[in-house]
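Colleague: First the structure, which I've put down as structure tokens, then a few questions once you've had a look.
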Amino acid sequence: MRASLRNPLCTAALLAAALLLAGCSNNPYSPGETEKPIQFRYMIGDLRTLDPSNSYTVNEAAVADVIYSSFYKYHYLKEDPYELVLNLGAEEPIREPFPVTETVDGKPVQKKGERWTFKIKSGLKFGDDPCFPGGKGREVTAADIAFAFRRMADPRLKPRPCPVLAFMQDKILGLDAYVKANREKKKANQPIDLRNGVEGLVLDPNDPYTLRVLLNQPYPQLRYLMAMHFTTPIPHEAIEKYNNSLTHYAVGCGPYVLKEYRRKRHILLEKNPNAPAELYPTDGDPGVAEAGLLKDAGKPLPLTDKIIFSFQKETITGWNLFMQGYLDSWTVRQENLRQVMTPAGEPTGEMKAKGIELRKAPQPSIRYFIFNMEDPVVGGYTPEKRKLRQAIALAINSRDFIDLHNMGQGIAAQGIIPPGLFGYDETYKNPYRQNDLTRAKQLLAEAGYPGGKDPKTGGPLTIYFEYIELGTTMIQFAGLLEKQVEALGLKLEARAWRDVVWQDKVDSGKFQMVEYGWVADYPDPENFVFLLYGPNERPGPNHSNYKNKEYDRLFEQMRAMDNTPERLELIRKMRAIETEDCPLVYTYHDEDLLVNHQWVSNINPHGVANDLLKYRRVDGPTRAALQREWNQPNFWPAIALAVFIIAGSIPAASVVRQRRHRKVRKEG
């Protein structure tokens, strides 16, 4: 080997061979890996956290909800209506009246409270993890759920506080005092022991699998919260091992365990050998059998051994990987719409040729622009401040965003509650969502900015819009908004940020105007109208920090009610209040477009559930065969380069050979 490398021709030949081999495959995975029962997924950017106490985005939930299981889950094949079914729960909870005495203005006041009794299955185990003795997961008890409730009240949570703490803080007995005490301890740099009790979280001394939750008011939505990862069992050992941060760690009792998290590169999940027995559903809404969604009925979950999430910096990279067959599914984005769908709404020829399925997935969701109600320009509650926001709202045309940015996908929004939920009114017309430039200019003048001019500077009033840097998609989105707002004579300055920086700006209130989306945590109107509830201020879901006492009073009355005409009337009164204050500009209710390769089965987009990946099945051999077919190596560039190198090496080799063998003359 050493001798042959001295021959330039041989070296050139070896280089040519190496180039040929390098051109044989563009497969980004290890040889044979795509033939196995593994899901290959993608995400744009990175995740902020996998901590179940404060994870709150759709991408985070897609990972977290197959690692952490909760008392309830949603029936995968039922959405009309949505149906909660037991998951870790052994039996349906018992909900009964519970008298509560509270002190108001120094006097005892009797209130109608509730007592909920939750019983979980015995024999559940956490996934194996170094935080446990010997690395083996221990048994799950009701104390681990109580610990999760108390951890919501931990002011040390990073990168954000628990976003649903406000749902519970004013309802669970003793939780409000516990929250305030922990905040004072943090300020004083005193230790916080999350294993200390809260009055309304009662463990049964005779049954380690039973937890009673005492509420000072009726709260039917507690059932839904018991289906979210915030109330999943959390082992205190993990909190102690990982310094009170599960941002890049995850220790749950769900169908998968976290094996590897390499920031900005990938996440690897593997099937949890300790996972509770769980079966694919055997029934569903009408039509699920005809759609092929019951072929795996009764089979143990999950249906794949691993899930690999790769982080992509640019959508174009992820899209190319999908079209090459190296990603199983893709959520269609604006820049891919014309490649996926014809103007008639049908899959394109390229999609059909590859057997790619196009699926529309209506969501209980809302897209909207947010005004920072604490900003000195766009915030405030005076008539002039309201009119400025109303004028901008009238200039924003939802139809343009649906048609130009979303290729017709979406339903123009008039209010905050989406179709399919109690309180949605398809006949309602929001007076500030009708795209009326004449009225908008009139309101702008009444707000003190005639013709869009700022009286302080004499030039156009500048509105700052912050958005996530996601390539051409968001540049075009911001450009469309700029065009609409500047039709009033205002100036819109759009500024792009990395996703993590942008979210920090939203959570800390360092913005004037942003665009946001909300997908239902649970199928109840409370989960949307609470986006404007004062105590849910940021970093909670009320990102505008909207505060209206009458709205809050009506909300507190409405949330404890079942769906009755009386509840509907309260929702309408709340709508009238926030419509005039205009803290949000509603654009559209989203419809996701999903494309999936033919080797992926059991695709049923669910409007609320996030644990969908445990139901997916993949045909690895078919995937690998089609990848080879679609990615045939092109040898000609490598061959041409090899020939060029060899041909160019011949003269050089001749010169070297002559120099090596020539005789040296000595001068006499």
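Ordering of the structure tokens sets the chain letters (A, B, ...), residue numbers begin anew at 1 in every chain, and ligands are numbered from 1 in the order given.
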Using DSSP on the backbone coordinates, identify the residues of segment 192-426 of chain A assigned to strand (DSSP E); present them as a PyMOL selection string.

Modeller: chain A and resi 201-204+207-215+256-262+266-271+306-312+329-331+357-362+365-371+411-412

Colleague: Using N, CA and C atoms, can you write the selected residues to a file as a compact mmCIF listing (two decimals), in the first residue's frame?

Modeller:
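Ended up saving to again.txt:
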```txt
# COMPACT_ATOMS: atom_id res chain seq x y z
N LEU A 201 -54.28 19.76 47.78
CA LEU A 201 -53.75 18.55 47.14
C LEU A 201 -53.57 17.50 48.23
N VAL A 202 -54.52 16.58 48.31
CA VAL A 202 -54.60 15.66 49.44
C VAL A 202 -54.32 14.23 48.98
N LEU A 203 -53.28 13.62 49.54
CA LEU A 203 -52.97 12.22 49.25
C LEU A 203 -53.67 11.32 50.25
N ASP A 204 -54.06 10.14 49.80
CA ASP A 204 -54.74 9.17 50.65
C ASP A 204 -53.67 8.35 51.39
N ASP A 207 -53.92 4.69 50.38
CA ASP A 207 -53.91 4.31 48.97
C ASP A 207 -52.95 5.22 48.21
N PRO A 208 -51.77 4.74 47.84
CA PRO A 208 -50.76 5.58 47.18
C PRO A 208 -51.14 5.99 45.76
N TYR A 209 -52.28 5.50 45.26
CA TYR A 209 -52.67 5.78 43.89
C TYR A 209 -53.83 6.77 43.80
N THR A 210 -54.21 7.37 44.92
CA THR A 210 -55.36 8.28 44.95
C THR A 210 -54.94 9.69 45.36
N LEU A 211 -55.44 10.68 44.59
CA LEU A 211 -55.21 12.09 44.87
C LEU A 211 -56.54 12.81 44.87
N ARG A 212 -56.76 13.63 45.88
CA ARG A 212 -57.97 14.47 45.93
C ARG A 212 -57.56 15.93 45.74
N VAL A 213 -58.27 16.60 44.85
CA VAL A 213 -58.01 18.01 44.57
C VAL A 213 -59.21 18.81 45.05
N LEU A 214 -58.97 19.74 45.98
CA LEU A 214 -60.03 20.55 46.57
C LEU A 214 -60.04 21.92 45.91
N LEU A 215 -61.20 22.31 45.41
CA LEU A 215 -61.35 23.59 44.71
C LEU A 215 -62.29 24.50 45.49
N TYR A 256 -42.61 6.67 24.87
CA TYR A 256 -41.22 6.81 24.42
C TYR A 256 -40.37 7.42 25.53
N VAL A 257 -39.07 7.19 25.43
CA VAL A 257 -38.10 7.81 26.33
C VAL A 257 -37.12 8.63 25.48
N LEU A 258 -36.60 9.69 26.07
CA LEU A 258 -35.62 10.52 25.40
C LEU A 258 -34.24 9.87 25.51
N LYS A 259 -33.66 9.50 24.38
CA LYS A 259 -32.34 8.88 24.38
C LYS A 259 -31.23 9.87 24.07
N GLU A 260 -31.54 10.88 23.26
CA GLU A 260 -30.49 11.83 22.90
C GLU A 260 -31.12 13.15 22.47
N TYR A 261 -30.55 14.24 22.95
CA TYR A 261 -30.97 15.58 22.56
C TYR A 261 -29.71 16.37 22.23
N ARG A 262 -29.48 16.60 20.95
CA ARG A 262 -28.35 17.41 20.50
C ARG A 262 -28.91 18.71 19.95
N HIS A 266 -30.61 17.24 16.47
CA HIS A 266 -31.67 16.24 16.42
C HIS A 266 -32.08 15.81 17.83
N ILE A 267 -33.25 15.15 17.88
CA ILE A 267 -33.76 14.50 19.09
C ILE A 267 -34.05 13.05 18.72
N LEU A 268 -33.63 12.14 19.57
CA LEU A 268 -33.89 10.72 19.36
C LEU A 268 -34.76 10.19 20.49
N LEU A 269 -35.91 9.64 20.12
CA LEU A 269 -36.79 8.96 21.08
C LEU A 269 -36.80 7.47 20.76
N GLU A 270 -36.84 6.65 21.82
CA GLU A 270 -36.94 5.21 21.65
C GLU A 270 -38.12 4.68 22.46
N LYS A 271 -38.65 3.56 22.02
CA LYS A 271 -39.78 2.95 22.70
C LYS A 271 -39.42 2.67 24.17
N LYS A 306 -38.61 3.85 17.08
CA LYS A 306 -37.87 5.09 17.32
C LYS A 306 -38.54 6.25 16.58
N ILE A 307 -38.25 7.47 17.06
CA ILE A 307 -38.62 8.69 16.34
C ILE A 307 -37.38 9.58 16.33
N ILE A 308 -37.00 10.04 15.15
CA ILE A 308 -35.86 10.96 15.02
C ILE A 308 -36.38 12.29 14.50
N PHE A 309 -36.23 13.33 15.30
CA PHE A 309 -36.56 14.69 14.89
C PHE A 309 -35.27 15.38 14.47
N SER A 310 -35.20 15.84 13.24
CA SER A 310 -34.03 16.61 12.80
C SER A 310 -34.42 18.08 12.73
N PHE A 311 -33.56 18.93 13.26
CA PHE A 311 -33.81 20.37 13.23
C PHE A 311 -33.27 20.95 11.94
N GLN A 312 -34.10 21.70 11.23
CA GLN A 312 -33.71 22.32 9.98
C GLN A 312 -33.67 23.84 10.15
N SER A 329 -43.19 12.96 6.66
CA SER A 329 -44.32 13.87 6.55
C SER A 329 -43.82 15.30 6.48
N TRP A 330 -44.71 16.19 6.08
CA TRP A 330 -44.36 17.61 6.00
C TRP A 330 -45.61 18.44 6.21
N THR A 331 -45.49 19.45 7.06
CA THR A 331 -46.56 20.43 7.21
C THR A 331 -46.31 21.51 6.18
N GLU A 357 -49.79 11.65 -0.14
CA GLU A 357 -51.16 11.99 0.27
C GLU A 357 -51.21 13.42 0.78
N LEU A 358 -52.20 14.18 0.31
CA LEU A 358 -52.45 15.54 0.77
C LEU A 358 -53.65 15.51 1.70
N ARG A 359 -53.48 16.02 2.91
CA ARG A 359 -54.55 15.98 3.90
C ARG A 359 -54.79 17.37 4.49
N LYS A 360 -56.04 17.83 4.43
CA LYS A 360 -56.41 19.07 5.09
C LYS A 360 -56.83 18.75 6.52
N ALA A 361 -56.39 19.59 7.43
CA ALA A 361 -56.68 19.34 8.84
C ALA A 361 -57.21 20.62 9.49
N PRO A 362 -58.53 20.84 9.46
CA PRO A 362 -59.09 22.00 10.15
C PRO A 362 -58.76 21.94 11.64
N SER A 365 -58.53 26.74 16.08
CA SER A 365 -57.40 27.64 16.25
C SER A 365 -57.77 29.05 15.82
N ILE A 366 -56.89 29.99 16.11
CA ILE A 366 -57.08 31.38 15.72
C ILE A 366 -55.70 32.00 15.47
N ARG A 367 -55.57 32.74 14.37
CA ARG A 367 -54.39 33.55 14.10
C ARG A 367 -54.77 35.00 14.36
N TYR A 368 -53.85 35.77 14.92
CA TYR A 368 -54.20 37.14 15.28
C TYR A 368 -52.94 37.97 15.47
N PHE A 369 -53.12 39.29 15.30
CA PHE A 369 -52.08 40.24 15.64
C PHE A 369 -52.33 40.74 17.06
N ILE A 370 -51.25 40.95 17.79
CA ILE A 370 -51.34 41.38 19.18
C ILE A 370 -50.78 42.80 19.31
N PHE A 371 -51.54 43.66 19.97
CA PHE A 371 -51.01 44.96 20.39
C PHE A 371 -50.55 44.84 21.84
N ILE A 411 -60.27 30.17 7.34
CA ILE A 411 -61.59 30.80 7.47
C ILE A 411 -61.39 32.17 8.11
N ALA A 412 -61.85 33.22 7.43
CA ALA A 412 -61.71 34.57 7.97
C ALA A 412 -62.34 34.65 9.35
```

Colleague: Show me, as a short mmCIF file (atom, residue, chain, number, x, y, z; two decimals) with C-alpha atoms, in the first residue's frame, the residues that have an atom within 8 Å of segment 74-87 of chain A when counting only C-alpha atoms, minus same-chain residues fewer than 3 positions from it.

Modeller:
```cif
data_model
loop_
_atom_site.label_atom_id
_atom_site.label_comp_id
_atom_site.auth_asym_id
_atom_site.auth_seq_id
_atom_site.Cartn_x
_atom_site.Cartn_y
_atom_site.Cartn_z
CA SER A 69 -48.54 10.57 29.79
CA SER A 70 -51.37 12.12 31.79
CA PHE A 71 -54.46 10.93 33.62
CA ALA A 90 -57.80 3.71 36.65
CA GLU A 91 -61.38 5.01 36.78
CA GLU A 92 -63.38 8.15 36.07
CA TYR A 224 -59.23 18.82 30.35
CA ALA A 227 -55.14 15.49 29.85
CA PRO A 281 -58.44 2.21 19.31
CA ASP A 283 -63.68 2.41 16.99
CA GLY A 284 -64.05 6.05 15.98
CA ASP A 285 -66.12 8.61 14.11
CA VAL A 288 -62.57 6.00 9.97
CA PRO A 523 -62.16 21.92 23.35
CA ASN A 604 -55.41 11.33 11.42
CA HIS A 606 -56.38 15.70 15.62
CA GLY A 607 -57.49 19.17 16.57
CA VAL A 608 -56.50 18.91 20.25
CA ALA A 609 -54.34 15.86 20.99
CA LEU A 612 -50.23 11.49 17.67
#
```

Colleague: List every residue of segment 477-514 of chain A that has an atom at most 12 Å from any atom of segment 563-585 of chain A, giving for each one its closest atom pair and the distance in Å to one decimal, counting only C-alpha atoms, sorted by chain and then by ascending residue number, as a Markdown table.

Modeller:
```
| residue | atom | partner | partner_atom | distance |
| --- | --- | --- | --- | --- |
| A:Gln512 | CA | A:Pro583 | CA | 11.2 |
| A:Met513 | CA | A:Leu584 | CA | 9.6 |
| A:Val514 | CA | A:Leu584 | CA | 9.9 |
```

Colleague: Would you output that residue set with C-alpha atoms, as a short mmCIF file (atom, residue, chain, number, x, y, z; two decimals), in the first residue's frame?

Modeller:
```
data_model
loop_
_atom_site.label_atom_id
_atom_site.label_comp_id
_atom_site.auth_asym_id
_atom_site.auth_seq_id
_atom_site.Cartn_x
_atom_site.Cartn_y
_atom_site.Cartn_z
CA GLN A 512 -45.51 46.92 19.94
CA MET A 513 -47.12 44.47 17.56
CA VAL A 514 -46.60 40.76 16.81
#
```

Colleague: Measuring between only C-alpha atoms, which one of A:Asp65, A:Asp176, A:Glu446, A:Glu515 shows the shortest distance to Leu50 of chain A?

Modeller: A:Asp65

Colleague: Determine, counting only C-alpha atoms, which protein, DNA and RNA residues have an atom within 6 Å of an atom of segment 601-603 of chain A; residues of the same chain fewer than 5 positions away are not included. Present the result as a compact mmCIF listing (two decimals) with C-alpha atoms, in the first residue's frame.

Modeller:
```txt
# COMPACT_ATOMS: atom_id res chain seq x y z
CA LEU A 293 -57.64 3.99 10.16
CA ARG A 616 -48.10 6.14 13.33
CA ARG A 617 -46.91 3.04 11.49
```

Colleague: Just the alpha helix (DSSP H) stuff from segment 237-306 of chain A, please, per backbone DSSP, written as a list in words.

Modeller: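 Taking segment 237-306 of chain A and keeping alpha helix (DSSP H) gives Glu237, Ala238, Ile239, Glu240 and Lys241 of chain A.
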
Colleague: Please list as a PDB file with N, CA and C atoms, in the first residue's frame every residue within 12 Å of Ala487 of chain A, counting only C-alpha atoms and excluding residues in the same chain fewer than 6 positions away.

Modeller:
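As written to disk, result03.pdb reads:
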```
ATOM      1  N   ALA A 391     -58.424  51.515  13.882  1.00  0.00           N
ATOM      2  CA  ALA A 391     -58.078  51.936  12.526  1.00  0.00           C
ATOM      3  C   ALA A 391     -57.131  50.934  11.868  1.00  0.00           C
ATOM      4  N   ILE A 392     -56.125  50.497  12.605  1.00  0.00           N
ATOM      5  CA  ILE A 392     -55.184  49.509  12.057  1.00  0.00           C
ATOM      6  C   ILE A 392     -55.915  48.205  11.756  1.00  0.00           C
ATOM      7  N   LEU A 394     -59.028  47.822  10.895  1.00  0.00           N
ATOM      8  CA  LEU A 394     -59.836  47.982   9.688  1.00  0.00           C
ATOM      9  C   LEU A 394     -58.986  47.958   8.425  1.00  0.00           C
ATOM     10  N   ALA A 395     -57.697  48.300   8.535  1.00  0.00           N
ATOM     11  CA  ALA A 395     -56.806  48.291   7.368  1.00  0.00           C
ATOM     12  C   ALA A 395     -56.279  46.905   7.045  1.00  0.00           C
ATOM     13  N   ILE A 396     -56.313  45.993   8.018  1.00  0.00           N
ATOM     14  CA  ILE A 396     -55.770  44.647   7.822  1.00  0.00           C
ATOM     15  C   ILE A 396     -56.838  43.765   7.185  1.00  0.00           C
ATOM     16  N   ASN A 397     -56.538  43.265   6.017  1.00  0.00           N
ATOM     17  CA  ASN A 397     -57.480  42.469   5.243  1.00  0.00           C
ATOM     18  C   ASN A 397     -57.174  40.980   5.417  1.00  0.00           C
ATOM     19  N   ASN A 435     -62.383  45.527   6.784  1.00  0.00           N
ATOM     20  CA  ASN A 435     -61.482  46.131   5.803  1.00  0.00           C
ATOM     21  C   ASN A 435     -62.121  47.346   5.121  1.00  0.00           C
ATOM     22  N   ASP A 436     -62.251  48.392   5.903  1.00  0.00           N
ATOM     23  CA  ASP A 436     -62.877  49.632   5.451  1.00  0.00           C
ATOM     24  C   ASP A 436     -61.862  50.761   5.636  1.00  0.00           C
ATOM     25  N   LEU A 437     -61.140  51.128   4.569  1.00  0.00           N
ATOM     26  CA  LEU A 437     -60.085  52.135   4.672  1.00  0.00           C
ATOM     27  C   LEU A 437     -60.644  53.531   4.939  1.00  0.00           C
ATOM     28  N   THR A 438     -61.818  53.826   4.409  1.00  0.00           N
ATOM     29  CA  THR A 438     -62.415  55.143   4.628  1.00  0.00           C
ATOM     30  C   THR A 438     -62.694  55.356   6.109  1.00  0.00           C
ATOM     31  N   ALA A 440     -61.371  53.638   8.507  1.00  0.00           N
ATOM     32  CA  ALA A 440     -60.101  53.525   9.219  1.00  0.00           C
ATOM     33  C   ALA A 440     -59.387  54.875   9.274  1.00  0.00           C
ATOM     34  N   LYS A 441     -59.366  55.593   8.160  1.00  0.00           N
ATOM     35  CA  LYS A 441     -58.701  56.903   8.131  1.00  0.00           C
ATOM     36  C   LYS A 441     -59.417  57.916   9.022  1.00  0.00           C
ATOM     37  N   LEU A 444     -58.436  57.109  12.501  1.00  0.00           N
ATOM     38  CA  LEU A 444     -57.044  57.486  12.707  1.00  0.00           C
ATOM     39  C   LEU A 444     -56.926  58.987  12.991  1.00  0.00           C
ATOM     40  N   GLY A 451     -54.159  61.542   8.557  1.00  0.00           N
ATOM     41  CA  GLY A 451     -53.294  61.139   7.450  1.00  0.00           C
ATOM     42  C   GLY A 451     -52.144  60.251   7.860  1.00  0.00           C
ATOM     43  N   GLY A 452     -52.200  59.717   9.092  1.00  0.00           N
ATOM     44  CA  GLY A 452     -51.131  58.861   9.591  1.00  0.00           C
ATOM     45  C   GLY A 452     -49.950  59.625  10.151  1.00  0.00           C
ATOM     46  N   PRO A 460     -44.715  60.328   9.285  1.00  0.00           N
ATOM     47  CA  PRO A 460     -45.642  59.221   9.554  1.00  0.00           C
ATOM     48  C   PRO A 460     -45.362  58.570  10.911  1.00  0.00           C
ATOM     49  N   LEU A 480     -46.706  42.055   3.236  1.00  0.00           N
ATOM     50  CA  LEU A 480     -48.147  42.208   3.031  1.00  0.00           C
ATOM     51  C   LEU A 480     -48.756  43.068   4.129  1.00  0.00           C
ATOM     52  N   LEU A 481     -48.358  42.818   5.369  1.00  0.00           N
ATOM     53  CA  LEU A 481     -48.853  43.634   6.473  1.00  0.00           C
ATOM     54  C   LEU A 481     -48.411  45.087   6.303  1.00  0.00           C
TER      55      LEU A 481
END
```

Colleague: Record the distance separating atom CA of Ala238 of chain A and atom CA of Val164 of chain A, expressed in Å with one decimal.

Modeller: 21.4 Å

Colleague: In Å, rounded to a single decimal, give me how far atom CA of Pro159 of chain A is from atom CA of Glu537 of chain A.

Modeller: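 Pair atom CA of Glu537 of chain A / atom CA of Pro159 of chain A returns 16.4 Å.
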
Colleague: Would you kindly return, as a count of residues only, each protein, DNA or RNA residue with an atom no farther than 10 Å from any atom of segment 453-456 of chain A, considering only C-alpha atoms and excluding same-chain residues fewer than 3 positions away?

Modeller: 13

Colleague: Using only C-alpha atoms, find the one residue out of A:Gln557, A:Thr587, A:Gln442, A:Asn59 that sits nearest to Asp400 of chain A.

Modeller: A:Thr587

Colleague: Using only C-alpha atoms, which of A:Arg333, A:Lys549, A:Tyr586, A:Leu388 sits nearest Asn430 of chain A?

Modeller: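 Of A:Arg333, A:Lys549, A:Tyr586, A:Leu388, the one nearest Asn430 of chain A is A:Tyr586, counting only C-alpha atoms.
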
Colleague: What does the distance from atom CA of Pro302 of chain A to atom CA of Pro255 of chain A come to in Å, to one decimal?

Modeller: 6.2 Å

Colleague: Can you list, as a ChimeraX atom specification, every protein, DNA or RNA residue that comes within 12 Å of Ala181 of chain A when you count only C-alpha atoms, leaving out same-chain residues fewer than 4 positions away?

Modeller: /A:153-155,174-177,185-188,190-194,196,198

Colleague: Could you check the closest approach to Asn406 of chain A for each of A:Leu593, A:Leu225, A:Met373, A:Ile475 and tell me which residue wins, using only C-alpha atoms?

Modeller: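 For Asn406 of chain A, the nearest of the candidates is A:Leu593.
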
Colleague: Which residues are close to Tyr280 of chain A, i.e. within 8 Å by only C-alpha atoms, leaving aside same-chain residues fewer than 4 positions away? Reply as a PyMOL selection string.

Modeller: chain A and resi 296-301+615
